[in-house]
$ cat my_file28.pdb   # PDB, C-alpha atoms and all ligand atoms
ATOM      1  CA  MET A   1     -11.216   5.606  16.470  1.00  0.00           C
ATOM      2  CA  ALA A   2     -12.016   4.074  13.095  1.00  0.00           C
ATOM      3  CA  ASN A   3     -11.284   0.384  12.592  1.00  0.00           C
ATOM      4  CA  ILE A   4      -9.084   0.838   9.506  1.00  0.00           C
ATOM      5  CA  GLY A   5      -5.732   2.633   9.584  1.00  0.00           C
ATOM      6  CA  ILE A   6      -4.295   3.931   6.320  1.00  0.00           C
ATOM      7  CA  TYR A   7      -0.552   4.671   6.579  1.00  0.00           C
ATOM      8  CA  VAL A   8       1.147   6.367   3.639  1.00  0.00           C
ATOM      9  CA  GLY A   9       4.634   7.229   2.451  1.00  0.00           C
ATOM     10  CA  SER A  10       4.556   9.579  -0.531  1.00  0.00           C
ATOM     11  CA  SER A  11       7.360  11.903  -1.699  1.00  0.00           C
ATOM     12  CA  THR A  12       5.581  14.122  -4.226  1.00  0.00           C
ATOM     13  CA  GLY A  13       2.031  13.545  -2.998  1.00  0.00           C
ATOM     14  CA  ILE A  14       0.881  11.161  -5.732  1.00  0.00           C
ATOM     15  CA  THR A  15       0.251   8.174  -3.456  1.00  0.00           C
ATOM     16  CA  MET A  16      -1.260  10.487  -0.844  1.00  0.00           C
ATOM     17  CA  GLN A  17      -3.824  11.780  -3.374  1.00  0.00           C
ATOM     18  CA  ILE A  18      -5.020   8.238  -4.000  1.00  0.00           C
ATOM     19  CA  ALA A  19      -4.955   7.551  -0.241  1.00  0.00           C
ATOM     20  CA  GLU A  20      -7.399  10.404   0.265  1.00  0.00           C
ATOM     21  CA  GLN A  21      -9.735   8.900  -2.314  1.00  0.00           C
ATOM     22  CA  ILE A  22      -9.488   5.497  -0.626  1.00  0.00           C
ATOM     23  CA  GLN A  23     -10.328   7.072   2.743  1.00  0.00           C
ATOM     24  CA  GLN A  24     -13.314   8.878   1.224  1.00  0.00           C
ATOM     25  CA  ALA A  25     -14.584   5.678  -0.398  1.00  0.00           C
ATOM     26  CA  LEU A  26     -14.359   3.764   2.897  1.00  0.00           C
ATOM     27  CA  GLY A  27     -15.752   6.676   4.885  1.00  0.00           C
ATOM     28  CA  GLU A  28     -13.898   8.852   7.388  1.00  0.00           C
ATOM     29  CA  ASP A  29     -15.768   7.147  10.236  1.00  0.00           C
ATOM     30  CA  HIS A  30     -14.271   3.828   9.187  1.00  0.00           C
ATOM     31  CA  ALA A  31     -10.785   4.797   8.069  1.00  0.00           C
ATOM     32  CA  ASP A  32      -8.143   7.053   9.649  1.00  0.00           C
ATOM     33  CA  LEU A  33      -5.442   8.399   7.320  1.00  0.00           C
ATOM     34  CA  PHE A  34      -1.845   9.009   8.410  1.00  0.00           C
ATOM     35  CA  ASP A  35       1.123  10.483   6.568  1.00  0.00           C
ATOM     36  CA  LEU A  36       4.172   8.573   7.824  1.00  0.00           C
ATOM     37  CA  GLU A  37       6.304  11.681   7.421  1.00  0.00           C
ATOM     38  CA  ASP A  38       4.400  13.535  10.166  1.00  0.00           C
ATOM     39  CA  ASP A  39       2.411  10.921  11.998  1.00  0.00           C
ATOM     40  CA  TYR A  40       4.656   7.886  12.512  1.00  0.00           C
ATOM     41  CA  MET A  41       5.386   7.218  16.171  1.00  0.00           C
ATOM     42  CA  ASP A  42       5.737   3.488  16.644  1.00  0.00           C
ATOM     43  CA  PHE A  43       4.099   0.183  15.876  1.00  0.00           C
ATOM     44  CA  ASP A  44       2.001   0.194  19.060  1.00  0.00           C
ATOM     45  CA  GLU A  45      -0.247   2.775  17.397  1.00  0.00           C
ATOM     46  CA  ILE A  46      -0.383   0.950  14.081  1.00  0.00           C
ATOM     47  CA  LEU A  47      -1.261  -2.298  15.871  1.00  0.00           C
ATOM     48  CA  GLU A  48      -4.353  -0.705  17.400  1.00  0.00           C
ATOM     49  CA  TYR A  49      -6.018  -1.300  14.017  1.00  0.00           C
ATOM     50  CA  ASP A  50      -7.063  -4.784  12.950  1.00  0.00           C
ATOM     51  CA  TYR A  51      -7.332  -3.630   9.330  1.00  0.00           C
ATOM     52  CA  LEU A  52      -4.471  -1.750   7.768  1.00  0.00           C
ATOM     53  CA  ILE A  53      -3.982  -0.202   4.352  1.00  0.00           C
ATOM     54  CA  PHE A  54      -0.395   0.688   3.542  1.00  0.00           C
ATOM     55  CA  GLY A  55       0.465   3.123   0.738  1.00  0.00           C
ATOM     56  CA  CYS A  56       4.012   3.279  -0.580  1.00  0.00           C
ATOM     57  CA  SER A  57       5.481   4.568  -3.827  1.00  0.00           C
ATOM     58  CA  THR A  58       8.619   2.982  -5.257  1.00  0.00           C
ATOM     59  CA  TRP A  59      11.937   4.848  -5.429  1.00  0.00           C
ATOM     60  CA  GLY A  60      15.609   4.042  -6.033  1.00  0.00           C
ATOM     61  CA  ALA A  61      15.563   0.802  -7.907  1.00  0.00           C
ATOM     62  CA  GLY A  62      12.548  -0.980  -6.505  1.00  0.00           C
ATOM     63  CA  GLU A  63      12.883   0.412  -2.997  1.00  0.00           C
ATOM     64  CA  VAL A  64      10.284   1.655  -0.540  1.00  0.00           C
ATOM     65  CA  GLN A  65       9.531   5.378  -0.343  1.00  0.00           C
ATOM     66  CA  PHE A  66      11.786   7.177   2.136  1.00  0.00           C
ATOM     67  CA  ASN A  67       9.241   7.575   4.957  1.00  0.00           C
ATOM     68  CA  TRP A  68       8.878   3.809   5.217  1.00  0.00           C
ATOM     69  CA  VAL A  69      12.575   3.359   6.054  1.00  0.00           C
ATOM     70  CA  GLU A  70      12.332   4.197   9.783  1.00  0.00           C
ATOM     71  CA  PRO A  71       9.210   2.074  10.402  1.00  0.00           C
ATOM     72  CA  LEU A  72      10.851  -0.862   8.638  1.00  0.00           C
ATOM     73  CA  GLN A  73      13.995  -0.461  10.749  1.00  0.00           C
ATOM     74  CA  ASP A  74      11.843  -0.476  13.899  1.00  0.00           C
ATOM     75  CA  LEU A  75      10.043  -3.524  12.596  1.00  0.00           C
ATOM     76  CA  ALA A  76      13.333  -5.351  12.036  1.00  0.00           C
ATOM     77  CA  ASN A  77      14.535  -4.449  15.535  1.00  0.00           C
ATOM     78  CA  GLU A  78      11.359  -4.850  17.540  1.00  0.00           C
ATOM     79  CA  LYS A  79       9.688  -7.642  15.548  1.00  0.00           C
ATOM     80  CA  PRO A  80       6.068  -6.702  16.415  1.00  0.00           C
ATOM     81  CA  ASP A  81       3.514  -9.457  15.928  1.00  0.00           C
ATOM     82  CA  PHE A  82       1.078  -8.903  13.036  1.00  0.00           C
ATOM     83  CA  THR A  83      -0.717 -12.217  13.459  1.00  0.00           C
ATOM     84  CA  GLY A  84      -4.467 -11.636  12.999  1.00  0.00           C
ATOM     85  CA  LYS A  85      -3.901  -8.313  11.197  1.00  0.00           C
ATOM     86  CA  THR A  86      -5.281  -7.826   7.701  1.00  0.00           C
ATOM     87  CA  ILE A  87      -3.319  -5.623   5.309  1.00  0.00           C
ATOM     88  CA  ALA A  88      -4.036  -4.206   1.837  1.00  0.00           C
ATOM     89  CA  LEU A  89      -1.370  -2.413  -0.204  1.00  0.00           C
ATOM     90  CA  PHE A  90      -1.339   0.325  -2.824  1.00  0.00           C
ATOM     91  CA  GLY A  91       1.284   2.563  -4.357  1.00  0.00           C
ATOM     92  CA  ALA A  92       2.481   4.675  -7.262  1.00  0.00           C
ATOM     93  CA  GLY A  93       5.164   3.785  -9.769  1.00  0.00           C
ATOM     94  CA  ASP A  94       6.385   4.476 -13.274  1.00  0.00           C
ATOM     95  CA  CYS A  95       6.006   1.592 -15.718  1.00  0.00           C
ATOM     96  CA  LYS A  96       8.122   3.209 -18.457  1.00  0.00           C
ATOM     97  CA  ASP A  97      11.209   4.833 -16.913  1.00  0.00           C
ATOM     98  CA  HIS A  98      11.232   2.336 -14.034  1.00  0.00           C
ATOM     99  CA  GLY A  99       9.526  -0.639 -15.669  1.00  0.00           C
ATOM    100  CA  GLU A 100      12.373  -2.917 -14.557  1.00  0.00           C
ATOM    101  CA  GLN A 101      11.126  -2.530 -10.949  1.00  0.00           C
ATOM    102  CA  PHE A 102       7.532  -1.351 -11.397  1.00  0.00           C
ATOM    103  CA  VAL A 103       5.891  -0.711  -7.973  1.00  0.00           C
ATOM    104  CA  SER A 104       8.309  -3.221  -6.453  1.00  0.00           C
ATOM    105  CA  ALA A 105       8.008  -1.522  -3.039  1.00  0.00           C
ATOM    106  CA  LEU A 106       4.646  -3.259  -2.643  1.00  0.00           C
ATOM    107  CA  GLY A 107       6.429  -6.608  -2.944  1.00  0.00           C
ATOM    108  CA  VAL A 108       9.013  -5.512  -0.375  1.00  0.00           C
ATOM    109  CA  LEU A 109       6.279  -4.612   2.153  1.00  0.00           C
ATOM    110  CA  TYR A 110       4.389  -7.804   1.353  1.00  0.00           C
ATOM    111  CA  ASP A 111       7.402  -9.976   2.194  1.00  0.00           C
ATOM    112  CA  ILE A 112       8.310  -8.097   5.375  1.00  0.00           C
ATOM    113  CA  PHE A 113       4.791  -8.055   6.860  1.00  0.00           C
ATOM    114  CA  THR A 114       4.067 -11.634   5.788  1.00  0.00           C
ATOM    115  CA  GLU A 115       7.106 -12.648   7.822  1.00  0.00           C
ATOM    116  CA  ARG A 116       5.614 -10.808  10.819  1.00  0.00           C
ATOM    117  CA  GLY A 117       2.407 -12.855  10.522  1.00  0.00           C
ATOM    118  CA  ALA A 118       0.066 -10.508   8.618  1.00  0.00           C
ATOM    119  CA  SER A 119      -2.554 -11.680   6.104  1.00  0.00           C
ATOM    120  CA  PHE A 120      -3.037  -9.774   2.856  1.00  0.00           C
ATOM    121  CA  ILE A 121      -6.214  -9.007   0.958  1.00  0.00           C
ATOM    122  CA  ALA A 122      -7.166  -7.278  -2.296  1.00  0.00           C
ATOM    123  CA  PRO A 123      -4.548  -8.343  -4.848  1.00  0.00           C
ATOM    124  CA  PHE A 124      -5.047  -6.846  -8.320  1.00  0.00           C
ATOM    125  CA  PRO A 125      -4.857  -8.379 -11.824  1.00  0.00           C
ATOM    126  CA  THR A 126      -1.877  -7.441 -13.995  1.00  0.00           C
ATOM    127  CA  ASP A 127      -4.125  -7.227 -17.092  1.00  0.00           C
ATOM    128  CA  GLY A 128      -3.676  -3.947 -18.936  1.00  0.00           C
ATOM    129  CA  TYR A 129      -0.363  -3.067 -17.248  1.00  0.00           C
ATOM    130  CA  SER A 130       2.840  -3.068 -19.276  1.00  0.00           C
ATOM    131  CA  PHE A 131       6.183  -3.386 -17.478  1.00  0.00           C
ATOM    132  CA  GLU A 132       9.322  -5.482 -17.532  1.00  0.00           C
ATOM    133  CA  TYR A 133       9.471  -6.782 -13.982  1.00  0.00           C
ATOM    134  CA  SER A 134       7.866  -6.174 -10.595  1.00  0.00           C
ATOM    135  CA  LYS A 135       8.648  -7.645  -7.200  1.00  0.00           C
ATOM    136  CA  ALA A 136       4.976  -6.938  -6.436  1.00  0.00           C
ATOM    137  CA  VAL A 137       3.694  -9.718  -8.719  1.00  0.00           C
ATOM    138  CA  ARG A 138       2.970 -13.012  -6.975  1.00  0.00           C
ATOM    139  CA  ASP A 139       1.071 -15.906  -8.545  1.00  0.00           C
ATOM    140  CA  GLY A 140       0.321 -13.735 -11.594  1.00  0.00           C
ATOM    141  CA  LYS A 141      -1.261 -10.851  -9.669  1.00  0.00           C
ATOM    142  CA  PHE A 142      -0.059  -7.662  -8.018  1.00  0.00           C
ATOM    143  CA  VAL A 143      -0.084  -8.040  -4.227  1.00  0.00           C
ATOM    144  CA  GLY A 144      -1.970  -4.721  -3.999  1.00  0.00           C
ATOM    145  CA  PHE A 145      -3.152  -1.844  -6.129  1.00  0.00           C
ATOM    146  CA  PRO A 146      -0.518  -0.260  -8.413  1.00  0.00           C
ATOM    147  CA  PHE A 147      -1.058   2.937 -10.360  1.00  0.00           C
ATOM    148  CA  ASP A 148       1.061   5.089 -12.636  1.00  0.00           C
ATOM    149  CA  GLN A 149       0.247   8.802 -12.631  1.00  0.00           C
ATOM    150  CA  VAL A 150       3.254   9.551 -14.834  1.00  0.00           C
ATOM    151  CA  ASN A 151       2.246   7.560 -17.925  1.00  0.00           C
ATOM    152  CA  GLU A 152      -1.261   6.168 -17.348  1.00  0.00           C
ATOM    153  CA  LYS A 153      -3.083   8.794 -15.326  1.00  0.00           C
ATOM    154  CA  ASP A 154      -6.222   8.340 -17.422  1.00  0.00           C
ATOM    155  CA  LYS A 155      -6.451   4.674 -16.436  1.00  0.00           C
ATOM    156  CA  THR A 156      -6.260   5.285 -12.681  1.00  0.00           C
ATOM    157  CA  PRO A 157      -9.902   6.192 -11.924  1.00  0.00           C
ATOM    158  CA  ASP A 158     -11.265   2.945 -13.415  1.00  0.00           C
ATOM    159  CA  ARG A 159      -8.505   0.864 -11.896  1.00  0.00           C
ATOM    160  CA  LEU A 160      -9.097   2.447  -8.478  1.00  0.00           C
ATOM    161  CA  LYS A 161     -12.829   1.846  -8.719  1.00  0.00           C
ATOM    162  CA  GLN A 162     -12.184  -1.810  -9.569  1.00  0.00           C
ATOM    163  CA  TRP A 163      -9.742  -2.200  -6.690  1.00  0.00           C
ATOM    164  CA  LEU A 164     -12.053  -0.495  -4.191  1.00  0.00           C
ATOM    165  CA  GLU A 165     -14.774  -3.015  -5.056  1.00  0.00           C
ATOM    166  CA  ILE A 166     -12.353  -5.885  -4.441  1.00  0.00           C
ATOM    167  CA  LEU A 167     -11.106  -4.246  -1.230  1.00  0.00           C
ATOM    168  CA  GLN A 168     -14.549  -3.610   0.228  1.00  0.00           C
ATOM    169  CA  GLU A 169     -15.745  -7.109  -0.627  1.00  0.00           C
ATOM    170  CA  GLU A 170     -12.694  -8.727   0.952  1.00  0.00           C
ATOM    171  CA  LEU A 171     -12.811  -6.489   4.034  1.00  0.00           C
ATOM    172  CA  GLU A 172     -16.421  -7.528   4.568  1.00  0.00           C
ATOM    173  CA  ALA A 173     -15.529 -11.203   4.120  1.00  0.00           C
ATOM    174  CA  VAL A 174     -12.748 -10.992   6.726  1.00  0.00           C
ATOM    175  CA  ALA A 175     -14.995  -9.077   9.143  1.00  0.00           C
ATOM    176  CA  ALA A 176     -17.740 -11.718   8.783  1.00  0.00           C
ATOM    177  CA  ASP A 177     -15.298 -14.552   9.596  1.00  0.00           C
TER     178      ASP A 177
HETATM  179  C1  LIG A 201      14.728   8.687  -8.837  1.00  0.00           C
HETATM  180  C2  LIG A 201      13.429   7.952  -9.038  1.00  0.00           C
HETATM  181  C3  LIG A 201      13.397   6.583  -8.881  1.00  0.00           C
HETATM  182  C4  LIG A 201      12.194   5.877  -9.094  1.00  0.00           C
HETATM  183  N1  LIG A 201      12.196   4.502  -9.000  1.00  0.00           N
HETATM  184  C5  LIG A 201      11.061   3.825  -9.304  1.00  0.00           C
HETATM  185  C6  LIG A 201      11.059   2.393  -9.312  1.00  0.00           C
HETATM  186  O1  LIG A 201      12.051   1.716  -9.026  1.00  0.00           O
HETATM  187  N2  LIG A 201       9.884   1.765  -9.650  1.00  0.00           N
HETATM  188  C7  LIG A 201       8.743   2.456  -9.984  1.00  0.00           C
HETATM  189  O2  LIG A 201       7.731   1.835 -10.293  1.00  0.00           O
HETATM  190  N3  LIG A 201       8.735   3.815  -9.966  1.00  0.00           N
HETATM  191  C8  LIG A 201       9.854   4.511  -9.653  1.00  0.00           C
HETATM  192  N4  LIG A 201       9.845   5.879  -9.652  1.00  0.00           N
HETATM  193  C9  LIG A 201       8.586   6.600  -9.955  1.00  0.00           C
HETATM  194  C10 LIG A 201       7.833   7.076  -8.722  1.00  0.00           C
HETATM  195  O3  LIG A 201       7.376   6.005  -7.936  1.00  0.00           O
HETATM  196  C11 LIG A 201       6.640   7.911  -9.217  1.00  0.00           C
HETATM  197  O4  LIG A 201       7.110   9.157  -9.687  1.00  0.00           O
HETATM  198  C12 LIG A 201       5.539   8.095  -8.185  1.00  0.00           C
HETATM  199  O5  LIG A 201       4.452   8.734  -8.806  1.00  0.00           O
HETATM  200  C13 LIG A 201       5.955   8.899  -6.956  1.00  0.00           C
HETATM  201  O6  LIG A 201       4.883   8.860  -6.038  1.00  0.00           O
HETATM  202  P1  LIG A 201       4.844   9.641  -4.646  1.00  0.00           P
HETATM  203  O7  LIG A 201       4.698  11.094  -4.956  1.00  0.00           O
HETATM  204  O8  LIG A 201       3.661   9.111  -3.956  1.00  0.00           O
HETATM  205  O9  LIG A 201       6.117   9.337  -3.913  1.00  0.00           O
HETATM  206  C14 LIG A 201      11.020   6.589  -9.444  1.00  0.00           C
HETATM  207  C15 LIG A 201      11.064   7.990  -9.574  1.00  0.00           C
HETATM  208  C16 LIG A 201      12.252   8.666  -9.398  1.00  0.00           C
HETATM  209  C17 LIG A 201      12.270  10.166  -9.587  1.00  0.00           C
END

$ encode --input "my_file28.pdb" --output "structure tokens" --more "lines below"
Ligand SMILES: Cc1cc2nc3c(=O)[nH]c(=O)nc-3n(C[C@H](O)[C@H](O)[C@H](O)COP(=O)(O)O)c2cc1C
Amino acid sequence: MANIGIYVGSSTGITMQIAEQIQQALGEDHADLFDLEDDYMDFDEILEYDYLIFGCSTWGAGEVQFNWVEPLQDLANEKPDFTGKTIALFGAGDCKDHGEQFVSALGVLYDIFTERGASFIAPFPTDGYSFEYSKAVRDGKFVGFPFDQVNEKDKTPDRLKQWLEILQEELEAVAAD
């Protein structure tokens, strides 16, 4: 088993495509990739990883992607302990048609898992993004890596590269602690 678990909810495959690139960058020996739609069982499995990367696109009006709904219900009922777990977030959104809640699902996950004791790494600067509001912005930064394949597909490769550098650096720092 790898020491990083990547769990993804993605309706049209956009977030999953980026998840695959993240897994490749970290190395398949280090990171296991799961599609919540097919692979979600329970939190016991998720908690086997000390490092977690959660992918979630935003739907509705700032809501988590559908396949996150059941895990979040289980979380609310069972209240698993995420103390000592390190989480990084990423997810797709649409800054034009849904700029009033751009990638807000990342903020929803951030709040829920913070309450369960998790620590977060790899926030991302808001520089170069244009949107009205996002629940995912805290202290002037996104809580994870947001990307927009609808309007800004051309910007994603550079942004991803930048985020992967931050992610790998911060993963190493946590591991060295
Ligand atoms: C009905 C609908 C609602 C959406 N709501 C939001 C939203 O609130 N915020 C946002 O940033 N993007 C929103 N989006 C855009 C999706 O997140 C975007 O299309 C994304 O690429 C889907 O990624 P996925 O294939 O990984 O699920 C919405 C899209 C649709 C069709």

$ resolve_selection --input "my_file28.pdb" --expression "the PyMOL selection byres (((not hetatm)) within 7 of (chain A and resi 201))" --output "short mmCIF file (atom, residue, chain, number, x, y, z; two decimals) with C-alpha atoms, in the frame of the given file"
data_model
loop_
_atom_site.label_atom_id
_atom_site.label_comp_id
_atom_site.auth_asym_id
_atom_site.auth_seq_id
_atom_site.Cartn_x
_atom_site.Cartn_y
_atom_site.Cartn_z
CA GLY A 9 4.63 7.23 2.45
CA SER A 10 4.56 9.58 -0.53
CA SER A 11 7.36 11.90 -1.70
CA THR A 12 5.58 14.12 -4.23
CA GLY A 13 2.03 13.54 -3.00
CA ILE A 14 0.88 11.16 -5.73
CA THR A 15 0.25 8.17 -3.46
CA MET A 16 -1.26 10.49 -0.84
CA CYS A 56 4.01 3.28 -0.58
CA SER A 57 5.48 4.57 -3.83
CA THR A 58 8.62 2.98 -5.26
CA TRP A 59 11.94 4.85 -5.43
CA GLY A 60 15.61 4.04 -6.03
CA ALA A 61 15.56 0.80 -7.91
CA GLY A 62 12.55 -0.98 -6.50
CA GLU A 63 12.88 0.41 -3.00
CA GLN A 65 9.53 5.38 -0.34
CA GLY A 91 1.28 2.56 -4.36
CA ALA A 92 2.48 4.68 -7.26
CA GLY A 93 5.16 3.78 -9.77
CA ASP A 94 6.38 4.48 -13.27
CA CYS A 95 6.01 1.59 -15.72
CA HIS A 98 11.23 2.34 -14.03
CA GLY A 99 9.53 -0.64 -15.67
CA GLN A 101 11.13 -2.53 -10.95
CA PHE A 102 7.53 -1.35 -11.40
CA VAL A 103 5.89 -0.71 -7.97
CA SER A 104 8.31 -3.22 -6.45
CA ASP A 148 1.06 5.09 -12.64
CA GLN A 149 0.25 8.80 -12.63
CA VAL A 150 3.25 9.55 -14.83
#

$ resolve_selection --input "my_file28.pdb" --expression "the PyMOL selection byres (((chain A and resi 34-36) around 10) and not hetatm)" --output "PyMOL selection string"
chain A and resi 5-10+16+19-20+31-33+37-41+46+54-56+66-68+70-71

$ write_last_selection --input "my_file28.pdb" --atoms "C-alpha atoms" --output "PDB file, keeping the file's coordinate frame"
ATOM      1  CA  GLY A   5      -5.732   2.633   9.584  1.00  0.00           C
ATOM      2  CA  ILE A   6      -4.295   3.931   6.320  1.00  0.00           C
ATOM      3  CA  TYR A   7      -0.552   4.671   6.579  1.00  0.00           C
ATOM      4  CA  VAL A   8       1.147   6.367   3.639  1.00  0.00           C
ATOM      5  CA  GLY A   9       4.634   7.229   2.451  1.00  0.00           C
ATOM      6  CA  SER A  10       4.556   9.579  -0.531  1.00  0.00           C
ATOM      7  CA  MET A  16      -1.260  10.487  -0.844  1.00  0.00           C
ATOM      8  CA  ALA A  19      -4.955   7.551  -0.241  1.00  0.00           C
ATOM      9  CA  GLU A  20      -7.399  10.404   0.265  1.00  0.00           C
ATOM     10  CA  ALA A  31     -10.785   4.797   8.069  1.00  0.00           C
ATOM     11  CA  ASP A  32      -8.143   7.053   9.649  1.00  0.00           C
ATOM     12  CA  LEU A  33      -5.442   8.399   7.320  1.00  0.00           C
ATOM     13  CA  GLU A  37       6.304  11.681   7.421  1.00  0.00           C
ATOM     14  CA  ASP A  38       4.400  13.535  10.166  1.00  0.00           C
ATOM     15  CA  ASP A  39       2.411  10.921  11.998  1.00  0.00           C
ATOM     16  CA  TYR A  40       4.656   7.886  12.512  1.00  0.00           C
ATOM     17  CA  MET A  41       5.386   7.218  16.171  1.00  0.00           C
ATOM     18  CA  ILE A  46      -0.383   0.950  14.081  1.00  0.00           C
ATOM     19  CA  PHE A  54      -0.395   0.688   3.542  1.00  0.00           C
ATOM     20  CA  GLY A  55       0.465   3.123   0.738  1.00  0.00           C
ATOM     21  CA  CYS A  56       4.012   3.279  -0.580  1.00  0.00           C
ATOM     22  CA  PHE A  66      11.786   7.177   2.136  1.00  0.00           C
ATOM     23  CA  ASN A  67       9.241   7.575   4.957  1.00  0.00           C
ATOM     24  CA  TRP A  68       8.878   3.809   5.217  1.00  0.00           C
ATOM     25  CA  GLU A  70      12.332   4.197   9.783  1.00  0.00           C
ATOM     26  CA  PRO A  71       9.210   2.074  10.402  1.00  0.00           C
TER      27      PRO A  71
END

$ resolve_selection --input "my_file28.pdb" --expression "the PyMOL selection byres (((chain A and resi 30) around 9) and not hetatm)" --output "PyMOL selection string"
chain A and resi 1-5+23+26-29+31-32

$ atom_distance --input "my_file28.pdb" --atom1 "atom CA of A:Ala76" --atom2 "atom CA of A:Leu109"
12.2 Å

$ atom_distance --input "my_file28.pdb" --atom1 "atom CA of A:Phe82" --atom2 "atom CA of A:Leu47"
7.6 Å

$ atom_distance --input "my_file28.pdb" --atom1 "atom CA of A:Glu132" --atom2 "atom CA of A:Glu170"
28.9 Å

$ closest_residue --input "my_file28.pdb" --among "A:Phe43, A:Phe90, A:Phe113, A:Tyr49" --to "A:Phe147" --atoms "only C-alpha atoms"
A:Phe90

$ residues_around --input "my_file28.pdb" --residues "A:Asp81" --least-positions-apart "5" --cutoff "9 Å" --atoms "all atoms listed in the file" --output "PyMOL selection string"
chain A and resi 47+116-118

$ closest_residue --input "my_file28.pdb" --among "A:Leu106, A:Leu89, A:Leu72, A:Leu164" --to "A:Lys135" --atoms "only C-alpha atoms"
A:Leu106

$ closest_residue --input "my_file28.pdb" --among "A:Ala105, A:Val69, A:Leu171, A:Ala176" --to "A:Ile87" --atoms "all atoms listed in the file"
A:Leu171

$ closest_residue --input "my_file28.pdb" --among "A:Thr83, A:Ala88, A:Gln73, A:Gly128" --to "A:Thr156" --atoms "only C-alpha atoms"
A:Gly128

$ closest_residue --input "my_file28.pdb" --among "A:Glu48, A:Leu75, A:Ile121, A:Lys85" --to "A:Trp163" --atoms "only C-alpha atoms"
A:Ile121

$ closest_residue --input "my_file28.pdb" --among "A:Gln24, A:Asn151, A:Gln168, A:Gln17" --to "A:Lys96" --atoms "all atoms listed in the file"
A:Asn151

$ build_atoms --input "my_file28.pdb" --residues "stretch 111-123 of chain A" --atoms "N, CA, C and O atoms" --output "JSON list (two decimals), keeping the file's coordinate frame"
[["chain", "number", "residue", "atom", "x", "y", "z"],
["A", 111, "ASP", "N", 6.51, -8.95, 1.62],
["A", 111, "ASP", "CA", 7.40, -9.98, 2.19],
["A", 111, "ASP", "C", 7.67, -9.70, 3.67],
["A", 111, "ASP", "O", 7.62, -10.62, 4.50],
["A", 112, "ILE", "N", 7.94, -8.45, 3.99],
["A", 112, "ILE", "CA", 8.31, -8.10, 5.38],
["A", 112, "ILE", "C", 7.14, -8.34, 6.34],
["A", 112, "ILE", "O", 7.30, -8.94, 7.41],
["A", 113, "PHE", "N", 5.93, -7.91, 5.94],
["A", 113, "PHE", "CA", 4.79, -8.06, 6.86],
["A", 113, "PHE", "C", 4.24, -9.49, 6.87],
["A", 113, "PHE", "O", 3.65, -9.92, 7.86],
["A", 114, "THR", "N", 4.43, -10.21, 5.78],
["A", 114, "THR", "CA", 4.07, -11.63, 5.79],
["A", 114, "THR", "C", 4.92, -12.36, 6.83],
["A", 114, "THR", "O", 4.42, -13.19, 7.60],
["A", 115, "GLU", "N", 6.20, -12.02, 6.86],
["A", 115, "GLU", "CA", 7.11, -12.65, 7.82],
["A", 115, "GLU", "C", 6.70, -12.33, 9.26],
["A", 115, "GLU", "O", 6.93, -13.12, 10.17],
["A", 116, "ARG", "N", 6.06, -11.20, 9.48],
["A", 116, "ARG", "CA", 5.61, -10.81, 10.82],
["A", 116, "ARG", "C", 4.22, -11.37, 11.13],
["A", 116, "ARG", "O", 3.63, -11.05, 12.15],
["A", 117, "GLY", "N", 3.66, -12.15, 10.22],
["A", 117, "GLY", "CA", 2.41, -12.86, 10.52],
["A", 117, "GLY", "C", 1.15, -12.27, 9.92],
["A", 117, "GLY", "O", 0.05, -12.79, 10.15],
["A", 118, "ALA", "N", 1.26, -11.15, 9.17],
["A", 118, "ALA", "CA", 0.07, -10.51, 8.62],
["A", 118, "ALA", "C", -0.55, -11.32, 7.48],
["A", 118, "ALA", "O", 0.14, -12.09, 6.81],
["A", 119, "SER", "N", -1.86, -11.11, 7.27],
["A", 119, "SER", "CA", -2.55, -11.68, 6.10],
["A", 119, "SER", "C", -2.85, -10.53, 5.14],
["A", 119, "SER", "O", -3.21, -9.43, 5.58],
["A", 120, "PHE", "N", -2.78, -10.82, 3.86],
["A", 120, "PHE", "CA", -3.04, -9.77, 2.86],
["A", 120, "PHE", "C", -4.33, -10.03, 2.11],
["A", 120, "PHE", "O", -4.69, -11.18, 1.84],
["A", 121, "ILE", "N", -5.02, -8.92, 1.78],
["A", 121, "ILE", "CA", -6.21, -9.01, 0.96],
["A", 121, "ILE", "C", -6.06, -8.07, -0.24],
["A", 121, "ILE", "O", -5.15, -7.25, -0.29],
["A", 122, "ALA", "N", -7.02, -8.19, -1.16],
["A", 122, "ALA", "CA", -7.17, -7.28, -2.30],
["A", 122, "ALA", "C", -5.96, -7.22, -3.23],
["A", 122, "ALA", "O", -5.43, -6.14, -3.52],
["A", 123, "PRO", "N", -5.53, -8.38, -3.75],
["A", 123, "PRO", "CA", -4.55, -8.34, -4.85],
["A", 123, "PRO", "C", -5.23, -7.80, -6.11],
["A", 123, "PRO", "O", -6.47, -7.66, -6.12]]
